[in-house]
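Asker: The structure that follows is given in the form of structure tokens.
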Amino acid sequence: VPPQRLAGRHVIVTSGPTHEPIDPVRYIANRSSGAQGAAIAAALRDLGARVSFVTGPAQVPPPEGVTVIRVETARQMRDAVEAALPADAAVMAAAVADWHVTNATDRKMKKDGSDQPPALEMAENPDILAWLSGLAQHRPKLVVGFAAETDDVIAHATSKRLRKGCDWILANDVSPATGIMGGADNAVTLITAEGAEDWPRMSKPAVARILASRIAEALE
Ligand code: C5P
């Protein structure tokens, strides 16, 4: 058993994709498996943290020993994070959909015999990471975001850290050639106010263990 360096701490982790309904049977989604978020929740639990695990419909099961809050949409995820506050730290590992469909229907859409396919109207989803980072009351002491980039990883992630107002960004290169999105490994760069730190390519649980240990250090 590792030393319980996060005993008495509460950490919120978001994970997985969100689903944005089009009608009762259809939705917009993305390819996030939820593997990295689940591994982070497990690593925080192993250090003794109380973990609120807010997850969209992921492919991997949630870890045991954490409080699981299942959501479907980005708006539900934001409300669940708000309900879980206050927290000492938050790790936003979810791949939140950028938009939801504003003309979603209560009944299944049907081909209506015309040659016009339905037009989806969309509006932006709340940015949960930016909202949490900007809270005047109840802002967690440490807010960590992710940045999945395909080019200029450090430059884009550095500007994302400032734009979102979070403390750290874990940036990863999700170019198809890396096989990282949906794969077993991750290669990340930790961006903090002090600069960028490249971590070697390793398994997602190994990334999670190092991150959890760094979070414990930051909260000490
Ligand atoms: O802007 P982008 O989606 O690249 O930002 C990624 C980071 O922001 C991740 O930590 C993700 O969980 C978080 N995010 C969020 N809510 C959104 C969009 C992204 O919390 N609506």
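Chain identifiers are assigned as A, B, and so on, following the order in which chains appear in the structure tokens; residues are numbered from 1 within each chain, and ligands are numbered from 1 in order of appearance.
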Near stretch 14-29 of chain A, counting only C-alpha atoms, which residues have an atom at most 7 Å away, once you skip same-chain residues fewer than 4 positions from it, shown as a ChimeraX atom specification?

Answerer: /A:33-34,37-38,53-58,72-74,91-97,100-101,104-109

Asker: Please save C-alpha atoms of the selected residues as a JSON list (two decimals), in the first residue's frame.

Answerer:
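New file again_7.json:
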[["chain", "number", "residue", "atom", "x", "y", "z"],
["A", 33, "SER", "CA", -12.40, 5.58, -23.98],
["A", 34, "GLY", "CA", -12.19, 7.05, -20.48],
["A", 37, "GLY", "CA", -9.47, 9.40, -16.41],
["A", 38, "ALA", "CA", -10.25, 6.05, -14.75],
["A", 53, "PHE", "CA", -15.58, 10.45, -10.42],
["A", 54, "VAL", "CA", -17.90, 12.26, -12.83],
["A", 55, "THR", "CA", -18.02, 10.15, -15.96],
["A", 56, "GLY", "CA", -19.72, 10.25, -19.33],
["A", 57, "PRO", "CA", -20.57, 6.99, -21.12],
["A", 58, "ALA", "CA", -17.06, 5.49, -21.20],
["A", 72, "GLU", "CA", -24.54, 11.87, -20.36],
["A", 73, "THR", "CA", -24.25, 15.46, -21.56],
["A", 74, "ALA", "CA", -21.77, 18.28, -20.97],
["A", 91, "VAL", "CA", -8.61, 16.84, -12.79],
["A", 92, "MET", "CA", -10.67, 17.42, -15.92],
["A", 93, "ALA", "CA", -9.86, 14.44, -18.09],
["A", 94, "ALA", "CA", -13.22, 14.24, -19.89],
["A", 95, "ALA", "CA", -13.44, 14.74, -23.63],
["A", 96, "VAL", "CA", -16.38, 17.11, -23.39],
["A", 97, "ALA", "CA", -18.35, 17.76, -26.57],
["A", 100, "HIS", "CA", -25.00, 20.32, -28.13],
["A", 101, "VAL", "CA", -27.97, 20.11, -30.48],
["A", 104, "ALA", "CA", -33.07, 17.82, -30.51],
["A", 105, "THR", "CA", -36.47, 16.15, -30.68],
["A", 106, "ASP", "CA", -38.48, 14.08, -28.16],
["A", 107, "ARG", "CA", -39.52, 11.69, -30.92],
["A", 108, "LYS", "CA", -37.31, 9.74, -33.28],
["A", 109, "MET", "CA", -36.59, 11.72, -36.42]]

Asker: Report as a Markdown table: every residue of chain A with an atom at most 10 Å from ligand 1, its closest pair of atoms, and their distance in Å to one decimal, counting only C-alpha atoms and all ligand atoms, with rows sorted by chain and ascending residue number.

Answerer:
| residue | atom | partner | partner_atom_place_in_ligand_line | distance |
| --- | --- | --- | --- | --- |
| A:Val13 | CA | ligand 1 | 12 (O) | 9.3 |
| A:Thr14 | CA | ligand 1 | 12 (O) | 6.8 |
| A:Ser15 | CA | ligand 1 | 12 (O) | 7.4 |
| A:Gly16 | CA | ligand 1 | 12 (O) | 8.9 |
| A:Pro17 | CA | ligand 1 | 12 (O) | 9.2 |
| A:Thr18 | CA | ligand 1 | 21 (N) | 9.6 |
| A:Gly37 | CA | ligand 1 | 12 (O) | 9.7 |
| A:Ala74 | CA | ligand 1 | 21 (N) | 6.6 |
| A:Arg75 | CA | ligand 1 | 21 (N) | 8.7 |
| A:Met77 | CA | ligand 1 | 16 (N) | 8.7 |
| A:Arg78 | CA | ligand 1 | 16 (N) | 8.0 |
| A:Val81 | CA | ligand 1 | 20 (O) | 9.8 |
| A:Ala90 | CA | ligand 1 | 10 (O) | 9.9 |
| A:Val91 | CA | ligand 1 | 10 (O) | 7.3 |
| A:Met92 | CA | ligand 1 | 12 (O) | 4.2 |
| A:Ala93 | CA | ligand 1 | 12 (O) | 4.5 |
| A:Ala94 | CA | ligand 1 | 12 (O) | 4.1 |
| A:Ala95 | CA | ligand 1 | 12 (O) | 5.3 |
| A:Val96 | CA | ligand 1 | 17 (C) | 4.8 |
| A:Ala97 | CA | ligand 1 | 21 (N) | 6.1 |
| A:Asp98 | CA | ligand 1 | 21 (N) | 5.3 |
| A:Trp99 | CA | ligand 1 | 21 (N) | 8.0 |
| A:Glu124 | CA | ligand 1 | 21 (N) | 8.0 |
| A:Asn125 | CA | ligand 1 | 21 (N) | 5.4 |
| A:Pro126 | CA | ligand 1 | 21 (N) | 5.0 |
| A:Asp127 | CA | ligand 1 | 21 (N) | 3.4 |
| A:Ile128 | CA | ligand 1 | 20 (O) | 3.7 |
| A:Leu129 | CA | ligand 1 | 20 (O) | 3.7 |
| A:Ala130 | CA | ligand 1 | 20 (O) | 6.8 |
| A:Trp131 | CA | ligand 1 | 20 (O) | 8.0 |
| A:Leu132 | CA | ligand 1 | 20 (O) | 8.3 |
| A:Ser133 | CA | ligand 1 | 20 (O) | 9.8 |
| A:Val143 | CA | ligand 1 | 10 (O) | 9.3 |
| A:Val144 | CA | ligand 1 | 10 (O) | 6.9 |
| A:Gly145 | CA | ligand 1 | 10 (O) | 3.4 |
| A:Phe146 | CA | ligand 1 | 10 (O) | 3.7 |
| A:Ala147 | CA | ligand 1 | 6 (C) | 4.8 |
| A:Ala148 | CA | ligand 1 | 4 (O) | 6.2 |
| A:Glu149 | CA | ligand 1 | 4 (O) | 7.6 |
| A:His156 | CA | ligand 1 | 4 (O) | 9.2 |
| A:Ala157 | CA | ligand 1 | 4 (O) | 8.5 |
| A:Lys160 | CA | ligand 1 | 1 (O) | 7.2 |
| A:Arg161 | CA | ligand 1 | 7 (C) | 9.1 |
| A:Arg163 | CA | ligand 1 | 1 (O) | 9.2 |
| A:Lys164 | CA | ligand 1 | 8 (O) | 7.7 |
| A:Cys166 | CA | ligand 1 | 10 (O) | 9.1 |
| A:Trp168 | CA | ligand 1 | 10 (O) | 9.7 |
| A:Ile169 | CA | ligand 1 | 10 (O) | 7.4 |
| A:Leu170 | CA | ligand 1 | 10 (O) | 8.1 |
| A:Ala171 | CA | ligand 1 | 6 (C) | 9.2 |

Asker: Give me every strand (DSSP E or B) residue in stretch 54-188 of chain A, going by DSSP on the backbone, as number ranges by chain.

Answerer: A: 54-55, 67-70, 89-92, 95, 99-101, 122-124, 142-149, 168-173, 185-186, 188

Asker: With C-alpha atoms retained, export the selected residues as a compact mmCIF listing (two decimals), in the first residue's frame.

Answerer:
# COMPACT_ATOMS: atom_id res chain seq x y z
CA VAL A 54 -17.90 12.26 -12.83
CA THR A 55 -18.02 10.15 -15.96
CA THR A 67 -17.88 7.85 -5.80
CA VAL A 68 -19.19 7.38 -9.34
CA ILE A 69 -21.50 10.05 -10.79
CA ARG A 70 -22.72 9.01 -14.23
CA ALA A 89 -8.16 19.50 -6.45
CA ALA A 90 -9.85 18.71 -9.76
CA VAL A 91 -8.61 16.84 -12.79
CA MET A 92 -10.67 17.42 -15.92
CA ALA A 95 -13.44 14.74 -23.63
CA TRP A 99 -21.55 21.66 -28.87
CA HIS A 100 -25.00 20.32 -28.13
CA VAL A 101 -27.97 20.11 -30.48
CA MET A 122 -26.01 23.59 -32.34
CA ALA A 123 -24.93 25.81 -29.47
CA GLU A 124 -21.73 25.81 -27.44
CA LEU A 142 -5.27 22.89 -7.86
CA VAL A 143 -7.11 22.58 -11.19
CA VAL A 144 -5.62 20.32 -13.86
CA GLY A 145 -6.78 20.20 -17.47
CA PHE A 146 -5.83 18.17 -20.51
CA ALA A 147 -4.95 19.28 -23.99
CA ALA A 148 -5.14 16.80 -26.84
CA GLU A 149 -3.19 18.38 -29.66
CA TRP A 168 -1.61 22.68 -14.87
CA ILE A 169 -2.24 21.23 -18.29
CA LEU A 170 -1.29 17.68 -19.22
CA ALA A 171 -0.74 17.92 -22.95
CA ASN A 172 -0.69 14.91 -25.21
CA ASP A 173 0.06 14.42 -28.86
CA ASP A 185 0.11 4.30 -23.68
CA ASN A 186 0.36 8.04 -23.27
CA VAL A 188 2.49 13.75 -22.04

Asker: To test your reading of the structure, identify every residue in stretch 28-194 of chain A that backbone DSSP assigns to helix (DSSP H, G or I), and report it as number ranges by chain.

Answerer: A: 35-46, 74-84, 128-133, 153-164, 176-178

Asker: Please, what distance in Å, to one decimal, runs between atom CA of A:Glu82 and atom CA of A:Gln137?

Answerer: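 Result for atom CA of A:Glu82 versus atom CA of A:Gln137: 11.4 Å, one decimal.
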
Asker: So, counting only C-alpha atoms, which residue among A:Lys111, A:Arg9, A:Ala42, A:Thr150 is closest to A:Glu220?

Answerer: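 Closest to A:Glu220 of all the choices is A:Arg9.
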
Asker: May I have a table of the residues of stretch 158-219 of chain A lying at most 9 Å from stretch 2-7 of chain A, giving each one's closest pair of atoms and their distance in Å to one decimal, counting only C-alpha atoms, ordered by chain and ascending residue number, as JSON lines?

Answerer:
{"residue": "A:Ala212", "atom": "CA", "partner": "A:Leu6", "partner_atom": "CA", "distance": 8.8}
{"residue": "A:Ser213", "atom": "CA", "partner": "A:Arg5", "partner_atom": "CA", "distance": 8.2}
{"residue": "A:Ile215", "atom": "CA", "partner": "A:Leu6", "partner_atom": "CA", "distance": 8.6}
{"residue": "A:Ala216", "atom": "CA", "partner": "A:Leu6", "partner_atom": "CA", "distance": 5.8}
{"residue": "A:Glu217", "atom": "CA", "partner": "A:Arg5", "partner_atom": "CA", "distance": 8.3}
{"residue": "A:Leu219", "atom": "CA", "partner": "A:Leu6", "partner_atom": "CA", "distance": 8.3}

Asker: With distances taken over only C-alpha atoms, which of A:Ile180, A:Ile191, A:Ala39, A:Ile210 is nearest to A:Leu162?

Answerer: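 Looking at the shortest contact to A:Leu162, the residue is A:Ile191.
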